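Written below as structure tokens is the structure these notes are about.
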Amino acid sequence: PEPVSEAAEAAEAADAPAAAHGAPEAAEGPLEPSEAPVEPAPDAEPATGPADAGPPDTDPAPDAPDSPDALDSPDSPDAPDGRGEPGAAHGADDAPPPHDDHPLASYALRVNGTDRPVTDAWIGESLLYVLRERLGLAGAKDGCSQGECGACNVQVDGRLVASCLVPAVTAAGSEVRTVEGLAQDGRPSDVQRALARCGAVQCGFCVPGMAMTVHDLLEGNPAPTELETRQALCGNLCRCSGYRGVVNAVKEVVAEREAHAASDGDDSDGEADPPRIPHQAGPGAGGVNPAAFGAPGPDEQPHDQPHGPDGGQA
């Protein structure tokens, strides 16, 4: 065999570590001694930087569970704002109860003499909303939702209120009267009939509230003056017919009720005689009329005497 030169042995020794570390293959042919790579000694320590230099900047792994940034991440299951899976950081028993902004309640309203159940209703619903949307009583109207127009007036325990301002749940157990409850035996009340006769009804939006106002007025004041009527109606707004027809209707109702009261008094006279009250004799008649005690003349009848047996006027 041919002797191997020292340069060839050095080239083979340099190719071995280069191939192990994935270095590109060396060009074919022997290398010159000046071009051969110098392999560091096995006992030599790696070169380091200055003594005060810190470790190289390395980004922590994004999925590292021990990283503080991962705990603060909104996508982390242990995030403090609770957007991760519930119970990951704390037990399921430690989670706060859910908060309901719209609690529901069930109660009963006594409307026009009838108990009407209301189930699963938000406690913030107004009496007007419950009457219209849940109970189907659409007489009261929603004109302003601020208690200014009077179109939603109803009576609660005999008191006139704006139903748009009253929480329905607070009226449970009270007596509620709406415009539908004014009719008797299916016939409109005298106030409703008078409003129709006097031309107070046009679009019909404000009239239910006015009818409730007039009923409330006449219950407390059977014979109001025109000024008192206008003061009672100042909370009811109307844009169609105005208020003259309503004022006239109140006057007709008052006159009609007085006439009925007088006729009822006449009917009672026939049943029982009222007590007789003596009247004073007329001027010049004196205290006692002698003709009252004497026998009547030939041309006089007992019933023609101008004075009674007691000397007073017959």
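Letters A, B, ... go to the chains of the structure tokens in the order shown; residues in each chain start at 1; ligands are counted from 1 in the same order.
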Residues at most 7 Å from segment 163-171 of chain A, counting only C-alpha atoms, excluding those fewer than 4 positions away in the same chain, as a ChimeraX atom specification? /A:109,123-128,130,145-147,152-154
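When only C-alpha atoms are used to measure the gap to Ala172 of chain A, the shortest distance among A:Lys251, A:Arg257, A:His102, A:Arg110 belongs to A:Arg110.
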What's around segment 219-226 of chain A at 12 Å? Count only C-alpha atoms, leave out sequence neighbours fewer than 4 positions away in its own chain, and write the answer as an MDAnalysis selection string. chainID A and resid 155 158:160 191 212:215 230:233 243:244 246:258 261
Would you mind exporting the chosen residues as a compact mmCIF listing (two decimals), in the first residue's frame, restricted to N, CA, C and O atoms?
# COMPACT_ATOMS: atom_id res chain seq x y z
N GLN A 155 -108.61 54.56 38.61
CA GLN A 155 -108.79 54.72 40.05
C GLN A 155 -108.20 53.51 40.77
O GLN A 155 -108.46 52.36 40.38
N GLY A 158 -110.22 54.01 44.88
CA GLY A 158 -111.01 55.22 44.85
C GLY A 158 -110.24 56.49 44.62
O GLY A 158 -110.83 57.58 44.69
N ARG A 159 -108.97 56.40 44.31
CA ARG A 159 -108.15 57.59 44.08
C ARG A 159 -107.69 57.63 42.63
O ARG A 159 -107.22 56.62 42.10
N LEU A 160 -107.84 58.78 42.00
CA LEU A 160 -107.45 58.92 40.60
C LEU A 160 -105.93 58.98 40.49
O LEU A 160 -105.28 59.81 41.16
N VAL A 191 -122.11 59.51 32.53
CA VAL A 191 -121.02 60.39 32.11
C VAL A 191 -120.59 60.06 30.69
O VAL A 191 -120.38 60.96 29.85
N MET A 212 -112.82 59.09 33.32
CA MET A 212 -112.41 58.73 34.67
C MET A 212 -112.27 59.97 35.54
O MET A 212 -112.64 59.96 36.73
N THR A 213 -111.76 61.05 34.97
CA THR A 213 -111.61 62.29 35.74
C THR A 213 -112.96 62.85 36.14
O THR A 213 -113.16 63.30 37.28
N VAL A 214 -113.93 62.86 35.22
CA VAL A 214 -115.25 63.39 35.53
C VAL A 214 -115.95 62.53 36.58
O VAL A 214 -116.61 63.04 37.50
N HIS A 215 -115.82 61.21 36.47
CA HIS A 215 -116.41 60.34 37.49
C HIS A 215 -115.80 60.63 38.85
O HIS A 215 -116.52 60.71 39.86
N ARG A 230 -113.23 72.86 35.35
CA ARG A 230 -112.02 73.15 34.56
C ARG A 230 -110.75 72.84 35.36
O ARG A 230 -109.76 72.37 34.79
N GLN A 231 -110.77 73.11 36.65
CA GLN A 231 -109.61 72.78 37.47
C GLN A 231 -109.38 71.28 37.53
O GLN A 231 -108.24 70.81 37.54
N ALA A 232 -110.47 70.50 37.58
CA ALA A 232 -110.32 69.05 37.59
C ALA A 232 -109.80 68.52 36.26
O ALA A 232 -109.08 67.50 36.23
N LEU A 233 -110.13 69.19 35.15
CA LEU A 233 -109.73 68.73 33.82
C LEU A 233 -108.37 69.28 33.37
O LEU A 233 -107.95 68.98 32.26
N TYR A 243 -112.35 71.49 25.33
CA TYR A 243 -112.92 71.19 26.64
C TYR A 243 -114.36 71.69 26.80
O TYR A 243 -114.98 71.38 27.82
N ARG A 244 -114.89 72.44 25.88
CA ARG A 244 -116.25 72.95 26.02
C ARG A 244 -117.26 71.81 26.07
O ARG A 244 -118.20 71.82 26.86
N VAL A 246 -116.79 68.82 27.15
CA VAL A 246 -116.67 68.10 28.43
C VAL A 246 -117.35 68.89 29.53
O VAL A 246 -118.05 68.33 30.38
N VAL A 247 -117.16 70.22 29.54
CA VAL A 247 -117.80 71.06 30.55
C VAL A 247 -119.32 70.97 30.43
O VAL A 247 -120.04 70.86 31.44
N ASN A 248 -119.83 71.01 29.20
CA ASN A 248 -121.28 70.89 29.00
C ASN A 248 -121.79 69.52 29.43
O ASN A 248 -122.90 69.40 29.96
N ALA A 249 -120.99 68.49 29.20
CA ALA A 249 -121.41 67.15 29.61
C ALA A 249 -121.52 67.05 31.13
O ALA A 249 -122.45 66.41 31.65
N VAL A 250 -120.60 67.69 31.84
CA VAL A 250 -120.68 67.68 33.31
C VAL A 250 -121.96 68.37 33.78
O VAL A 250 -122.65 67.88 34.68
N LYS A 251 -122.30 69.48 33.15
CA LYS A 251 -123.54 70.18 33.53
C LYS A 251 -124.76 69.32 33.27
O LYS A 251 -125.70 69.29 34.08
N GLU A 252 -124.79 68.59 32.15
CA GLU A 252 -125.93 67.73 31.85
C GLU A 252 -126.05 66.59 32.86
O GLU A 252 -127.15 66.23 33.29
N VAL A 253 -124.92 66.03 33.24
CA VAL A 253 -124.97 64.93 34.20
C VAL A 253 -125.48 65.43 35.54
O VAL A 253 -126.29 64.77 36.20
N VAL A 254 -125.02 66.60 35.97
CA VAL A 254 -125.48 67.15 37.26
C VAL A 254 -126.99 67.39 37.21
O VAL A 254 -127.73 67.03 38.15
N ALA A 255 -127.49 68.01 36.12
CA ALA A 255 -128.93 68.26 36.01
C ALA A 255 -129.71 66.97 35.95
O ALA A 255 -130.80 66.84 36.56
N GLU A 256 -129.20 65.98 35.25
CA GLU A 256 -129.90 64.70 35.14
C GLU A 256 -129.98 64.00 36.49
O GLU A 256 -131.03 63.44 36.85
N ARG A 257 -128.91 64.02 37.24
CA ARG A 257 -128.93 63.36 38.54
C ARG A 257 -129.84 64.08 39.52
O ARG A 257 -130.51 63.44 40.34
N GLU A 258 -129.87 65.40 39.45
CA GLU A 258 -130.78 66.14 40.34
C GLU A 258 -132.24 65.85 39.99
O GLU A 258 -133.09 65.73 40.89
N ALA A 261 -133.06 62.52 41.39
CA ALA A 261 -133.21 62.59 42.85
C ALA A 261 -134.57 63.19 43.21
O ALA A 261 -135.24 62.74 44.17
Of the candidates A:Ala108, A:Ala140, A:Leu237, A:Ala262, which one gets nearest to Gly181 of chain A if we count only C-alpha atoms?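 Looking only at the distances to Gly181 of chain A, the closest residue turns out to be A:Ala140.
Put simply, atom CA of Asn112 of chain A is 11.5 Å away from atom CA of Leu131 of chain A.
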Compile the contact shell of Val118 of chain A as a tab-separated table (two decimals) with all heavy atoms, in the first residue's frame: residues with an atom at most 7 Å away, counting only C-alpha atoms, same-chain residues fewer than 3 positions apart removed.
chain	number	residue	atom	x	y	z
A	106	SER	N	-95.17	37.03	40.38
A	106	SER	CA	-96.55	36.66	40.07
A	106	SER	C	-97.45	37.20	41.18
A	106	SER	O	-97.12	37.07	42.36
A	106	SER	CB	-96.70	35.13	39.96
A	106	SER	OG	-95.90	34.63	38.90
A	107	TYR	N	-98.55	37.79	40.78
A	107	TYR	CA	-99.46	38.41	41.75
A	107	TYR	C	-100.84	38.47	41.11
A	107	TYR	O	-101.05	38.02	39.97
A	107	TYR	CB	-98.98	39.81	42.15
A	107	TYR	CG	-98.63	40.70	40.99
A	107	TYR	CD1	-99.59	41.51	40.38
A	107	TYR	CD2	-97.34	40.72	40.47
A	107	TYR	CE1	-99.28	42.31	39.32
A	107	TYR	CE2	-97.02	41.52	39.40
A	107	TYR	CZ	-97.98	42.32	38.82
A	107	TYR	OH	-97.67	43.13	37.75
A	108	ALA	N	-101.79	39.02	41.86
A	108	ALA	CA	-103.17	39.15	41.39
A	108	ALA	C	-103.63	40.59	41.54
A	108	ALA	O	-103.34	41.23	42.56
A	108	ALA	CB	-104.10	38.22	42.14
A	121	ALA	N	-94.23	38.26	35.56
A	121	ALA	CA	-94.15	39.64	35.07
A	121	ALA	C	-92.97	40.32	35.73
A	121	ALA	O	-92.69	40.11	36.92
A	121	ALA	CB	-95.45	40.40	35.37
Select, from A:Arg134, A:Arg239, A:Arg193, A:His260, the residue with the minimum atom-to-atom distance to Cys149 of chain A, counting only C-alpha atoms. A:Arg239
What separation in Å, quoted to one decimal, exists between atom CA of Gly113 of chain A and atom CA of Thr178 of chain A?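 Atom-to-atom, atom CA of Gly113 of chain A and atom CA of Thr178 of chain A are spaced 10.5 Å apart.
Interatomic distance, atom CA of Asp264 of chain A against atom CA of Pro188 of chain A: 21.7 Å.
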Hey, which of A:Ala105, A:Ala183, A:Ala95, A:Ala151 ends up closest to Cys238 of chain A? Count only C-alpha atoms. A:Ala151
